[in-house]
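Structure file structure_17.txt (compact mmCIF, C-alpha atoms) follows.
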```
# COMPACT_ATOMS: atom_id res chain seq x y z
CA MET Y 29 0.00 0.00 0.00
CA ARG Y 30 2.74 2.43 0.95
CA ASN Y 31 4.70 1.55 -2.17
CA LEU Y 32 1.70 2.30 -4.30
CA LEU Y 33 1.38 5.76 -2.74
CA ILE Y 34 5.01 6.50 -3.48
CA VAL Y 35 4.53 5.43 -7.08
CA ILE Y 36 1.46 7.64 -7.42
CA ALA Y 37 3.27 10.58 -5.83
CA ALA Y 38 6.24 10.13 -8.14
CA PHE Y 39 4.01 10.28 -11.18
CA ALA Y 40 1.94 13.12 -9.82
CA VAL Y 41 4.86 15.50 -9.37
CA PRO Y 42 5.60 16.12 -13.06
CA LEU Y 43 1.89 16.31 -13.81
CA ALA Y 44 1.39 18.94 -11.15
CA HIS Y 45 3.24 21.37 -13.38
CA ALA Y 46 1.19 24.42 -14.34
CA GLU Y 47 -2.20 22.98 -13.49
CA ASP Y 48 -2.25 23.22 -9.74
CA LEU Y 49 0.09 26.11 -9.14
CA ALA Y 50 -1.28 29.20 -7.46
CA PRO Y 51 -1.02 32.26 -9.75
CA ASP Y 52 1.77 33.96 -7.80
CA VAL Y 53 3.76 30.72 -7.60
CA LEU Y 54 3.26 30.22 -11.32
CA VAL Y 55 4.61 33.70 -12.15
CA LYS Y 56 7.58 33.18 -9.90
CA THR Y 57 8.32 29.75 -11.35
CA ILE Y 58 8.19 30.99 -14.95
CA SER Y 59 10.25 34.11 -14.19
CA GLU Y 60 12.98 32.26 -12.31
CA GLU Y 61 13.16 29.59 -14.96
CA VAL Y 62 13.43 32.09 -17.82
CA ILE Y 63 15.98 34.25 -15.98
CA GLY Y 64 17.99 31.16 -15.11
CA ILE Y 65 18.14 30.18 -18.78
CA ILE Y 66 19.09 33.71 -19.91
CA LYS Y 67 21.86 33.88 -17.33
CA GLN Y 68 23.42 30.67 -18.57
CA ASP Y 69 22.99 31.21 -22.28
CA LYS Y 70 25.54 33.53 -23.87
CA GLU Y 71 23.77 33.40 -27.25
CA ILE Y 72 20.52 34.66 -25.76
CA GLN Y 73 22.37 37.47 -24.02
CA ALA Y 74 23.92 38.43 -27.36
CA GLY Y 75 20.43 38.58 -28.84
CA ASN Y 76 20.24 35.40 -30.95
CA PRO Y 77 16.66 35.72 -32.29
CA LYS Y 78 16.08 32.00 -32.86
CA LYS Y 79 17.07 30.99 -29.35
CA ILE Y 80 15.04 33.76 -27.76
CA ALA Y 81 12.02 32.82 -29.85
CA ALA Y 82 12.37 29.18 -28.80
CA LEU Y 83 12.66 30.14 -25.13
CA ILE Y 84 9.54 32.29 -25.27
CA GLU Y 85 7.61 29.75 -27.32
CA THR Y 86 8.17 26.92 -24.83
CA LYS Y 87 8.33 28.68 -21.47
CA VAL Y 88 6.24 31.83 -21.71
CA LEU Y 89 3.55 31.65 -24.39
CA PRO Y 90 1.54 28.77 -22.90
CA HIS Y 91 0.73 30.98 -19.91
CA PHE Y 92 -0.86 33.84 -21.87
CA ASP Y 93 -4.42 34.17 -23.12
CA PHE Y 94 -3.87 36.03 -26.41
CA THR Y 95 -7.49 35.93 -27.48
CA ARG Y 96 -8.54 37.80 -24.39
CA MET Y 97 -5.67 40.27 -24.78
CA THR Y 98 -6.74 41.00 -28.35
CA ARG Y 99 -10.38 41.32 -27.31
CA LEU Y 100 -9.45 43.80 -24.57
CA ALA Y 101 -7.26 45.84 -26.90
CA MET Y 102 -10.09 45.94 -29.46
CA GLY Y 103 -12.70 47.05 -26.93
CA ARG Y 104 -16.09 47.63 -28.57
CA ASN Y 105 -14.71 46.96 -32.05
CA TRP Y 106 -14.20 43.28 -31.21
CA ARG Y 107 -17.85 42.70 -32.00
CA LEU Y 108 -17.48 44.36 -35.41
CA ALA Y 109 -14.99 41.69 -36.44
CA SER Y 110 -16.07 38.37 -37.94
CA SER Y 111 -14.72 35.25 -36.28
CA GLU Y 112 -12.09 34.87 -39.05
CA GLN Y 113 -11.02 38.47 -38.51
CA GLN Y 114 -10.91 37.87 -34.76
CA SER Y 115 -8.57 34.91 -35.11
CA GLU Y 116 -6.40 36.74 -37.67
CA LEU Y 117 -6.18 39.75 -35.31
CA THR Y 118 -5.18 37.46 -32.46
CA VAL Y 119 -2.45 35.80 -34.54
CA GLN Y 120 -0.98 39.14 -35.65
CA PHE Y 121 -1.21 40.78 -32.22
CA LYS Y 122 0.41 37.74 -30.65
CA THR Y 123 3.32 37.94 -33.10
CA LEU Y 124 3.77 41.63 -32.30
CA LEU Y 125 3.69 41.08 -28.53
CA VAL Y 126 6.12 38.16 -28.70
CA ARG Y 127 8.58 40.22 -30.74
CA THR Y 128 8.30 43.10 -28.30
CA TYR Y 129 8.83 40.75 -25.40
CA SER Y 130 11.95 39.30 -27.03
CA THR Y 131 13.43 42.78 -27.37
CA ALA Y 132 12.69 43.44 -23.73
CA LEU Y 133 14.30 40.14 -22.67
CA THR Y 134 17.62 40.95 -24.36
CA ALA Y 135 17.70 44.14 -22.26
CA TYR Y 136 17.62 42.05 -19.09
CA ARG Y 137 20.69 42.64 -16.94
CA ASP Y 138 21.12 41.62 -13.34
CA GLN Y 139 17.96 43.28 -12.04
CA VAL Y 140 16.55 41.71 -8.91
CA ILE Y 141 12.87 40.75 -8.86
CA ASP Y 142 10.97 41.08 -5.63
CA TYR Y 143 7.74 39.04 -5.55
CA LYS Y 144 4.93 40.60 -3.53
CA PRO Y 145 2.55 38.49 -1.45
CA LEU Y 146 -0.67 37.67 -3.27
CA ARG Y 147 -3.78 39.42 -2.04
CA ALA Y 148 -6.64 37.17 -3.13
CA ARG Y 149 -9.36 34.92 -1.82
CA PRO Y 150 -9.31 31.23 -2.79
CA GLU Y 151 -12.56 31.58 -4.75
CA ASP Y 152 -11.27 34.48 -6.89
CA MET Y 153 -11.33 33.83 -10.63
CA GLU Y 154 -9.19 36.89 -11.44
CA VAL Y 155 -6.16 38.09 -9.52
CA THR Y 156 -3.28 40.53 -9.86
CA VAL Y 157 0.19 39.17 -9.18
CA ARG Y 158 2.63 41.93 -8.23
CA CYS Y 159 6.40 42.09 -8.44
CA GLU Y 160 9.01 44.80 -8.33
CA VAL Y 161 12.14 45.01 -10.43
CA LYS Y 162 14.93 46.78 -8.60
CA GLN Y 163 17.36 48.81 -10.64
CA PRO Y 164 20.27 51.10 -9.77
CA GLY Y 165 19.64 54.84 -9.66
CA GLY Y 166 15.91 54.61 -9.93
CA GLN Y 167 12.67 53.83 -8.22
CA PRO Y 168 11.87 50.11 -8.50
CA VAL Y 169 9.72 49.30 -11.52
CA SER Y 170 6.45 47.65 -10.63
CA LEU Y 171 5.27 44.68 -12.68
CA GLU Y 172 1.70 43.49 -12.40
CA TYR Y 173 0.27 40.42 -14.08
CA GLU Y 174 -3.49 40.35 -14.51
CA MET Y 175 -4.48 36.70 -14.41
CA GLU Y 176 -7.61 34.64 -14.90
CA LYS Y 177 -8.45 31.12 -13.83
CA THR Y 178 -9.16 28.89 -16.81
CA SER Y 179 -10.23 25.26 -16.82
CA ASN Y 180 -6.66 23.92 -16.78
CA SER Y 181 -4.50 26.65 -15.27
CA TRP Y 182 -4.01 30.36 -14.52
CA LYS Y 183 -3.39 32.51 -17.58
CA ILE Y 184 -2.05 36.04 -17.96
CA TYR Y 185 -4.23 38.47 -19.93
CA ASP Y 186 -2.48 41.77 -19.26
CA VAL Y 187 0.87 43.01 -18.00
CA LYS Y 188 1.25 46.39 -16.34
CA ILE Y 189 4.68 48.00 -16.16
CA ASP Y 190 4.68 50.91 -13.71
CA GLY Y 191 0.93 51.13 -14.13
CA VAL Y 192 1.13 51.13 -17.92
CA SER Y 193 -1.12 48.39 -19.23
CA LEU Y 194 0.15 46.69 -22.36
CA VAL Y 195 -3.37 46.07 -23.57
CA THR Y 196 -4.76 49.53 -22.81
CA THR Y 197 -1.84 51.19 -24.55
CA TYR Y 198 -2.86 49.54 -27.82
CA ARG Y 199 -6.54 50.38 -27.43
CA GLU Y 200 -6.48 53.92 -28.86
CA THR Y 201 -4.21 52.90 -31.74
CA PHE Y 202 -6.51 49.99 -32.63
CA ALA Y 203 -9.62 52.17 -32.37
CA ALA Y 204 -8.08 54.84 -34.63
CA GLU Y 205 -7.10 52.23 -37.25
CA VAL Y 206 -10.56 50.64 -37.24
CA ARG Y 207 -12.20 54.08 -37.45
CA GLU Y 208 -10.12 55.09 -40.45
CA ARG Y 209 -9.56 51.83 -42.33
CA GLY Y 210 -11.83 49.19 -40.84
CA VAL Y 211 -10.97 45.90 -39.15
CA ASP Y 212 -9.17 44.63 -42.27
CA GLY Y 213 -7.11 47.81 -42.30
CA LEU Y 214 -5.97 47.10 -38.74
CA ILE Y 215 -5.09 43.50 -39.63
CA LYS Y 216 -3.04 44.77 -42.60
CA SER Y 217 -1.22 47.33 -40.44
CA LEU Y 218 -0.35 44.68 -37.84
CA ALA Y 219 0.85 42.28 -40.53
CA ALA Y 220 2.93 45.02 -42.17
CA LYS Y 221 4.50 45.94 -38.83
CA ASN Y 222 5.32 42.29 -38.15
CA SER Y 223 6.93 41.65 -41.53
CA GLN Y 224 8.85 44.94 -41.35
CA SER Y 225 10.30 43.95 -37.96
CA GLU Y 226 11.14 40.54 -39.33
CA THR Y 227 13.23 41.90 -42.20
CA ARG Y 228 14.95 44.32 -39.83
CA SER Y 229 15.95 41.70 -37.29
CA GLY Y 230 16.92 39.34 -40.13
CA SER Y 231 19.32 41.83 -41.67
CA GLY Y 232 21.09 42.72 -38.48
CA MET Q 28 14.96 81.97 -16.76
CA ALA Q 29 14.15 82.90 -20.32
CA ILE Q 30 13.36 79.30 -21.23
CA ALA Q 31 10.87 79.04 -18.41
CA LYS Q 32 9.09 82.22 -19.52
CA LYS Q 33 8.81 81.07 -23.11
CA LEU Q 34 7.58 77.70 -21.94
CA GLY Q 35 5.00 79.40 -19.77
CA ALA Q 36 3.73 81.49 -22.66
CA ALA Q 37 3.54 78.43 -24.88
CA LEU Q 38 1.66 76.53 -22.20
CA LEU Q 39 -0.91 79.26 -21.79
CA LEU Q 40 -1.41 79.28 -25.55
CA PHE Q 41 -1.80 75.49 -25.65
CA GLY Q 42 -4.10 75.59 -22.66
CA SER Q 43 -6.43 78.11 -24.25
CA LEU Q 44 -6.60 76.01 -27.40
CA GLY Q 45 -7.73 73.05 -25.32
CA GLY Q 46 -11.39 73.58 -26.23
CA CYS Q 47 -11.33 72.40 -29.82
CA ALA Q 48 -11.42 68.61 -29.91
CA THR Q 49 -10.75 66.40 -32.90
CA PRO Q 50 -13.68 64.06 -33.47
CA GLY Q 51 -13.15 60.45 -32.49
CA GLY Q 52 -9.58 60.73 -31.24
CA ASN Q 53 -8.36 60.36 -27.66
CA PRO Q 54 -10.38 62.91 -25.64
CA ALA Q 55 -7.28 63.60 -23.54
CA ASP Q 56 -5.49 64.82 -26.67
CA PRO Q 57 -7.48 67.63 -28.32
CA LEU Q 58 -4.27 69.14 -29.75
CA GLU Q 59 -3.25 65.97 -31.60
CA PRO Q 60 -2.30 67.61 -34.94
CA LEU Q 61 -0.02 70.14 -33.24
CA ASN Q 62 1.38 67.53 -30.84
CA ARG Q 63 2.13 65.18 -33.72
CA SER Q 64 4.26 67.75 -35.49
CA VAL Q 65 6.24 68.48 -32.31
CA PHE Q 66 6.60 64.72 -31.79
CA ILE Q 67 8.01 64.26 -35.30
CA PHE Q 68 10.41 67.14 -34.68
CA ASN Q 69 11.56 65.60 -31.37
CA ASP Q 70 11.90 62.18 -32.93
CA THR Q 71 14.05 63.59 -35.73
CA VAL Q 72 16.34 65.45 -33.32
CA ASP Q 73 16.53 62.35 -31.14
CA GLY Q 74 17.48 60.11 -34.05
CA ALA Q 75 20.04 62.57 -35.39
CA ILE Q 76 21.73 63.69 -32.18
CA MET Q 77 20.60 62.35 -28.82
CA LYS Q 78 20.30 58.67 -29.56
CA PRO Q 79 23.71 58.39 -31.29
CA VAL Q 80 25.35 60.37 -28.47
CA ALA Q 81 23.65 58.20 -25.84
CA ARG Q 82 24.76 55.05 -27.68
CA GLY Q 83 28.33 56.31 -27.81
CA TYR Q 84 28.22 57.20 -24.14
CA ARG Q 85 27.03 53.74 -23.29
CA ALA Q 86 29.63 52.10 -25.54
CA VAL Q 87 32.56 54.09 -24.17
CA LEU Q 88 31.93 54.19 -20.43
CA PRO Q 89 31.85 51.08 -18.23
CA ARG Q 90 28.58 50.40 -16.46
CA PHE Q 91 29.79 51.31 -12.95
CA VAL Q 92 30.77 54.80 -14.15
CA ARG Q 93 27.38 55.32 -15.81
CA THR Q 94 25.61 54.10 -12.67
CA GLY Q 95 27.67 56.59 -10.66
CA VAL Q 96 26.54 59.41 -12.95
CA THR Q 97 22.91 58.32 -12.72
CA ASN Q 98 23.18 58.10 -8.93
CA PHE Q 99 24.80 61.53 -8.68
CA PHE Q 100 21.94 63.31 -10.45
CA SER Q 101 19.35 61.09 -8.81
CA ASN Q 102 20.73 62.17 -5.42
CA LEU Q 103 20.42 65.89 -6.22
CA GLN Q 104 16.82 65.24 -7.22
CA ASP Q 105 16.02 63.68 -3.85
CA VAL Q 106 15.94 67.11 -2.18
CA TRP Q 107 13.07 68.33 -4.35
CA ILE Q 108 11.43 64.90 -4.18
CA SER Q 109 11.44 65.19 -0.40
CA VAL Q 110 9.86 68.68 -0.54
CA ASN Q 111 7.13 67.31 -2.80
CA ASP Q 112 6.52 64.42 -0.39
CA PHE Q 113 5.79 66.96 2.36
CA LEU Q 114 3.64 69.08 0.03
CA GLN Q 115 1.60 65.94 -0.65
CA GLY Q 116 1.28 65.19 3.06
CA LYS Q 117 3.51 62.10 2.89
CA VAL Q 118 5.55 62.93 5.98
CA GLN Q 119 7.26 59.58 6.46
CA GLN Q 120 8.29 59.36 2.82
CA GLY Q 121 9.51 62.97 3.02
CA VAL Q 122 11.75 62.14 5.96
CA GLU Q 123 13.00 59.03 4.16
CA ASP Q 124 13.84 60.88 0.96
CA GLY Q 125 15.54 63.66 2.95
CA SER Q 126 17.59 61.00 4.75
CA ARG Q 127 18.45 59.43 1.41
CA PHE Q 128 20.01 62.75 0.38
CA LEU Q 129 21.94 63.07 3.65
CA PHE Q 130 23.28 59.50 3.61
CA ASN Q 131 24.09 59.41 -0.10
CA SER Q 132 25.74 62.85 -0.08
CA THR Q 133 28.07 61.81 2.75
CA PHE Q 134 28.56 58.04 2.93
CA GLY Q 135 27.70 57.72 -0.75
CA LEU Q 136 30.53 60.06 -1.79
CA ALA Q 137 28.51 63.04 -3.04
CA GLY Q 138 25.78 60.75 -4.26
CA ILE Q 139 27.85 58.59 -6.59
CA LEU Q 140 26.91 55.52 -4.58
CA ASP Q 141 23.30 54.88 -3.65
CA VAL Q 142 24.01 53.48 -0.20
CA ALA Q 143 20.57 54.47 1.06
CA SER Q 144 18.82 52.01 -1.27
CA SER Q 145 20.89 49.13 0.06
CA TRP Q 146 19.97 50.26 3.58
CA GLY Q 147 16.32 49.88 2.75
CA LEU Q 148 15.51 53.52 1.92
CA GLU Q 149 13.92 53.10 -1.47
CA LYS Q 150 14.06 55.73 -4.20
CA HIS Q 151 10.79 57.54 -4.95
CA ASP Q 152 9.58 59.46 -7.95
CA GLU Q 153 7.88 62.78 -7.20
CA ASP Q 154 7.70 66.15 -8.93
CA PHE Q 155 5.54 69.23 -8.78
CA GLY Q 156 3.19 68.01 -11.52
CA GLN Q 157 2.38 65.01 -9.30
CA THR Q 158 1.91 67.31 -6.31
CA LEU Q 159 -0.60 69.34 -8.32
CA GLY Q 160 -2.32 66.09 -9.28
CA ARG Q 161 -2.44 65.04 -5.65
CA TRP Q 162 -4.07 68.38 -4.83
CA GLY Q 163 -6.81 67.54 -7.29
CA VAL Q 164 -5.64 69.52 -10.33
CA GLY Q 165 -6.73 67.69 -13.49
CA THR Q 166 -4.17 66.91 -16.18
CA GLY Q 167 -5.62 69.20 -18.86
CA ALA Q 168 -4.77 68.51 -22.49
CA TYR Q 169 -1.90 66.22 -23.45
CA LEU Q 170 1.09 68.22 -24.70
CA VAL Q 171 4.26 67.24 -26.49
CA LEU Q 172 6.90 69.78 -25.49
CA PRO Q 173 9.77 70.53 -27.84
CA ILE Q 174 12.85 68.44 -26.83
CA LEU Q 175 11.35 67.65 -23.39
CA GLY Q 176 8.73 65.33 -24.83
CA PRO Q 177 5.36 64.10 -23.47
CA SER Q 178 3.57 66.22 -20.90
CA THR Q 179 0.20 67.74 -20.09
CA VAL Q 180 -0.89 71.28 -19.26
CA ARG Q 181 -0.67 70.41 -15.54
CA ASP Q 182 2.66 68.62 -15.74
CA GLY Q 183 4.07 71.36 -17.97
CA LEU Q 184 3.25 73.92 -15.28
CA GLY Q 185 4.74 71.56 -12.73
CA LEU Q 186 7.87 71.37 -14.84
CA LEU Q 187 8.26 75.17 -14.66
CA VAL Q 188 8.37 74.92 -10.87
CA ASP Q 189 10.70 71.90 -11.07
CA PHE Q 190 13.06 73.98 -13.25
CA GLN Q 191 13.15 76.82 -10.73
CA THR Q 192 14.13 74.48 -7.93
CA ASP Q 193 16.56 72.39 -9.99
CA LEU Q 194 19.90 72.46 -8.17
CA VAL Q 195 21.90 71.90 -11.35
CA TRP Q 196 20.35 74.92 -13.07
CA ARG Q 197 21.20 77.05 -10.03
CA ILE Q 198 24.97 76.58 -10.32
CA ASP Q 199 26.54 80.02 -10.94
CA ASP Q 200 29.56 78.88 -12.92
CA VAL Q 201 28.10 78.75 -16.43
CA PRO Q 202 30.51 76.22 -18.06
CA VAL Q 203 30.13 73.84 -15.10
CA ARG Q 204 26.38 74.24 -15.16
CA ASN Q 205 26.11 73.66 -18.90
CA SER Q 206 28.36 70.60 -18.75
CA LEU Q 207 26.32 69.09 -15.95
CA VAL Q 208 23.02 69.80 -17.70
CA THR Q 209 24.35 68.16 -20.86
CA LEU Q 210 25.74 65.18 -18.98
CA ARG Q 211 22.42 64.71 -17.21
CA PHE Q 212 20.58 64.80 -20.51
CA ILE Q 213 22.89 62.16 -22.01
CA ASP Q 214 22.62 60.03 -18.88
CA ARG Q 215 18.83 60.10 -19.02
CA ARG Q 216 18.73 59.32 -22.71
CA ALA Q 217 21.22 56.47 -22.27
CA ASN Q 218 19.08 54.97 -19.52
CA LEU Q 219 16.11 55.05 -21.88
CA LEU Q 220 17.84 53.27 -24.77
CA ASP Q 221 16.41 49.86 -23.93
CA THR Q 222 12.96 51.31 -23.49
CA THR Q 223 13.01 53.10 -26.82
CA ASN Q 224 14.26 49.94 -28.54
CA VAL Q 225 11.26 48.07 -27.17
CA LEU Q 226 9.06 50.96 -28.25
CA GLU Q 227 10.26 50.73 -31.86
CA GLU Q 228 9.33 47.08 -31.83
CA ALA Q 229 6.01 47.47 -30.06
CA ALA Q 230 4.31 50.49 -31.53
CA LEU Q 231 2.02 50.46 -34.51
CA ASP Q 232 1.71 54.23 -34.20
CA LYS Q 233 4.60 55.49 -32.11
CA TYR Q 234 2.95 58.81 -31.32
CA ALA Q 235 -0.23 57.22 -29.93
CA PHE Q 236 1.69 54.50 -28.12
CA VAL Q 237 3.92 56.98 -26.29
CA ARG Q 238 0.94 59.18 -25.45
CA ASP Q 239 -1.25 56.40 -24.10
CA ALA Q 240 1.58 54.82 -22.14
CA TRP Q 241 2.74 58.16 -20.74
CA LEU Q 242 -0.71 59.25 -19.58
CA GLN Q 243 -1.19 55.93 -17.77
CA ARG Q 244 2.22 56.21 -16.16
CA ARG Q 245 1.63 59.74 -14.85
CA ARG Q 246 -1.72 58.68 -13.45
CA ASN Q 247 -0.05 55.77 -11.73
CA LEU Q 248 2.62 58.06 -10.26
CA VAL Q 249 0.07 60.54 -8.89
CA TYR Q 250 -1.69 57.68 -7.09
CA ASP Q 251 1.65 56.13 -6.01
CA GLY Q 252 1.03 52.88 -7.80
CA ASN Q 253 -2.59 52.37 -6.76
CA PRO Q 254 -4.79 54.28 -9.18
CA PRO Q 255 -8.54 53.72 -8.92
CA ARG Q 256 -9.88 51.51 -11.70
CA GLU Q 257 -11.28 53.40 -14.68
CA ARG Q 258 -14.90 52.61 -15.41
CA SER Q 259 -14.56 52.06 -19.16
CA GLU Q 260 -11.87 49.43 -18.61
CA SER Q 261 -14.17 46.68 -17.40
CA ASP Q 262 -17.27 47.75 -19.36
CA GLU Q 263 -15.79 47.06 -22.76
CA ASP Q 264 -14.50 43.67 -21.72
CA SER Q 265 -17.91 42.04 -21.30
CA PRO Q 266 -18.50 39.82 -24.34
```

What do you get writing this file as structure tokens?
Amino acid sequence: MRNLLIVIAAFAVPLAHAEDLAPDVLVKTISEEVIGIIKQDKEIQAGNPKKIAALIETKVLPHFDFTRMTRLAMGRNWRLASSEQQSELTVQFKTLLVRTYSTALTAYRDQVIDYKPLRARPEDMEVTVRCEVKQPGGQPVSLEYEMEKTSNSWKIYDVKIDGVSLVTTYRETFAAEVRERGVDGLIKSLAAKNSQSETRSGSG
Amino acid sequence: MAIAKKLGAALLLFGSLGGCATPGGNPADPLEPLNRSVFIFNDTVDGAIMKPVARGYRAVLPRFVRTGVTNFFSNLQDVWISVNDFLQGKVQQGVEDGSRFLFNSTFGLAGILDVASSWGLEKHDEDFGQTLGRWGVGTGAYLVLPILGPSTVRDGLGLLVDFQTDLVWRIDDVPVRNSLVTLRFIDRRANLLDTTNVLEEAALDKYAFVRDAWLQRRRNLVYDGNPPRERSESDEDSP
């Protein structure tokens, strides 16, 4: 009987991965893991785009809800878009955010992250996980992850840096594009931005 | 303070224009066409002069020297930050920021080392624009100031007061003063290089991105990191 329990426990540990982790523990686990990899990998520090992309793809992306992020950035206009347009918007916005995040990661130096205690009730479906990034010569930068409970794990749907919400910052730009050139116009602009960045990072 | 006077006149002009709104745009930015042209001007000057200089500065000087420069100017700022703490009724923070200046000026070798931070006295960010905000003064229209960049009517007025109390601008020896002002400018730009790189990657419309990020950041600063939730934020989310 006891042996059986040990066997079950041994199998349960790897399975317990993202599913059962509390949101603040999840953020801390991902952050430490990613920072640990960056610190050891000289090519990532030098800005190797392929390696950074692979790191983000495997370690970071699964924990984001890009559909919700796109919906929030679109605001009222989300309902103007057909479901094909919605999924195309999500794909393009995701590409843009990932590229931005990669640029930010290469700027990582030895900043220290201070994880704040989570203020939430167990029944909460949405929480904010707070951290602070300490840096020399300046006030610490606050990082807040807005997270939602989904059927299989907690997912991030917005990141606030010093109170600046990633999603909200795109809202006015998206609204202006849709107003002037329609939903398809916005999709085209996003796609153009993404391919332009791609050629730039490819050439140097 | 000829600059300050001109700035004041410009602000009053901008402020009085605040009534005419462009249809459909960000309501906080009624002067968008004017602001956009100043933004393009700033961006051009930045690309031609400031960014290359900042890059060179970062390439030439080792990190500990640059951190020393940042700390030195950051320390001088702490005096005015402390005054603003008191003006906002934050007595404990005012005492802390005053102590930061005392400790860093002495034990920190004229502010080159930020010993206070390692002793648990954290750096704060305050200025007169935030103090006005704390007193209930609304931001007014969004403004892009020549060279100085994003601001609002309120924060522009705050900046005039910040200028008057700026210790570096008060140095009598003109060459020393000008060198320090220039060095501070380069230091600030160099510290922003990573941020502007991310910005280039992130923004679909750089002007709107900077504006919308900057307005959120100022709001966050006025409320010291805990701004009340805006109503529209959650409304538009419901599917």

Write out as a tab-separated table the residues of chain Q that have any atom within 8 Å of an atom of chain Y, one row each with the nearest atom pair and its distance in Å to one decimal, counting all atoms listed in the file, sorted by chain and then rising number.
```
residue	atom	partner	partner_atom	distance
Q:Gly51	CA	Y:Ala204	CA	7.9
Q:Gly52	CA	Y:Ala204	CA	7.0
Q:Asn53	CA	Y:Glu200	CA	6.8
Q:Thr94	CA	Y:Gly165	CA	6.7
Q:Thr97	CA	Y:Gly165	CA	5.7
Q:Asn98	CA	Y:Gly165	CA	4.9
Q:Ser101	CA	Y:Gly165	CA	6.3
Q:Asp141	CA	Y:Gly165	CA	7.0
Q:Glu149	CA	Y:Gln167	CA	6.9
Q:Lys150	CA	Y:Gln167	CA	4.7
Q:His151	CA	Y:Gln167	CA	5.3
Q:Asp152	CA	Y:Gln167	CA	6.4
Q:Asp221	CA	Y:Ala135	CA	6.1
Q:Thr222	CA	Y:Ala132	CA	7.9
Q:Asn224	CA	Y:Thr131	CA	7.3
Q:Val225	CA	Y:Thr131	CA	5.7
Q:Leu226	CA	Y:Thr128	CA	7.9
Q:Glu228	CA	Y:Thr128	CA	5.4
Q:Ala229	CA	Y:Thr128	CA	5.2
Q:Leu231	CA	Y:Lys221	CA	6.7
Q:Asp232	CA	Y:Thr201	CA	6.5
Q:Ala235	CA	Y:Thr201	CA	6.1
Q:Phe236	CA	Y:Thr197	CA	6.0
Q:Asp239	CA	Y:Thr197	CA	5.3
Q:Ala240	CA	Y:Thr197	CA	5.5
Q:Trp241	CA	Y:Val192	CA	7.7
Q:Gln243	CA	Y:Val192	CA	5.3
Q:Arg244	CA	Y:Val192	CA	5.5
Q:Asn247	CA	Y:Gly191	CA	5.3
Q:Gly252	CA	Y:Gly191	CA	6.6
Q:Glu263	CA	Y:Gly103	CA	5.2
Q:Asp264	CA	Y:Leu100	CA	5.8
```

Point to revise | Shortest interatomic distance to Phe121 of chain Y - which of Q:Leu136, Q:Leu114, Q:Ala230, Q:Lys78, counting only C-alpha atoms | key: Q:Ala230

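Checking Q:Arg215, Q:Arg63, Q:Thr223, Q:Val249 one by one against Thr166 of chain Q, counting only C-alpha atoms, you find the shortest gap at Q:Val249.
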
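You will find atom CA of Gly185 of chain Q at 29.6 Å from atom CA of Thr133 of chain Q.
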
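Distance-wise, atom CA of Arg93 of chain Q and atom CA of Asn218 of chain Q end up 9.1 Å apart.
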
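Between atom CA of Leu49 of chain Y and atom CA of Ser181 of chain Y there is a distance of 7.7 Å.
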
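Using all atoms listed in the file, the protein and nucleic acid residues lying no more than 8 Å from Val142 of chain Q, apart from those fewer than 4 places from it along its own chain, are Phe130, Asn131, Phe134, Gly135 and Trp146 of chain Q.
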
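Closest approach to Glu116 of chain Y among Y:Phe94, Y:Val88, Y:Gln73, Y:Ile184: Y:Phe94, based on only C-alpha atoms.
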
Practice item. Counting only C-alpha atoms, figure out which residue out of Q:Asp182, Q:Gly138, Q:Asp193, Q:Pro202 gets nearest to Ala168 of chain Q. Key: Q:Asp182

Practice item. Could you please give me, as number ranges by chain, the residues of protein, DNA or RNA lying at most 12 Å from (13.2, 32.3, -33.9) in the coordinate frame of the file, considering only C-alpha atoms? Key: Y: 72, 75-86, 123, 126-127, 130, 226, 229-230

With C-alpha atoms retained, write the just-selected residues as a compact mmCIF listing (two decimals), in the coordinates of the input.
```
# COMPACT_ATOMS: atom_id res chain seq x y z
CA ILE Y 72 20.52 34.66 -25.76
CA GLY Y 75 20.43 38.58 -28.84
CA ASN Y 76 20.24 35.40 -30.95
CA PRO Y 77 16.66 35.72 -32.29
CA LYS Y 78 16.08 32.00 -32.86
CA LYS Y 79 17.07 30.99 -29.35
CA ILE Y 80 15.04 33.76 -27.76
CA ALA Y 81 12.02 32.82 -29.85
CA ALA Y 82 12.37 29.18 -28.80
CA LEU Y 83 12.66 30.14 -25.13
CA ILE Y 84 9.54 32.29 -25.27
CA GLU Y 85 7.61 29.75 -27.32
CA THR Y 86 8.17 26.92 -24.83
CA THR Y 123 3.32 37.94 -33.10
CA VAL Y 126 6.12 38.16 -28.70
CA ARG Y 127 8.58 40.22 -30.74
CA SER Y 130 11.95 39.30 -27.03
CA GLU Y 226 11.14 40.54 -39.33
CA SER Y 229 15.95 41.70 -37.29
CA GLY Y 230 16.92 39.34 -40.13
```

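Here the question is which of Y:Ala219, Y:Val140, Y:Cys159, Y:Leu117 gets nearest to Thr98 of chain Y using all atoms listed in the file, and that residue is Y:Leu117.
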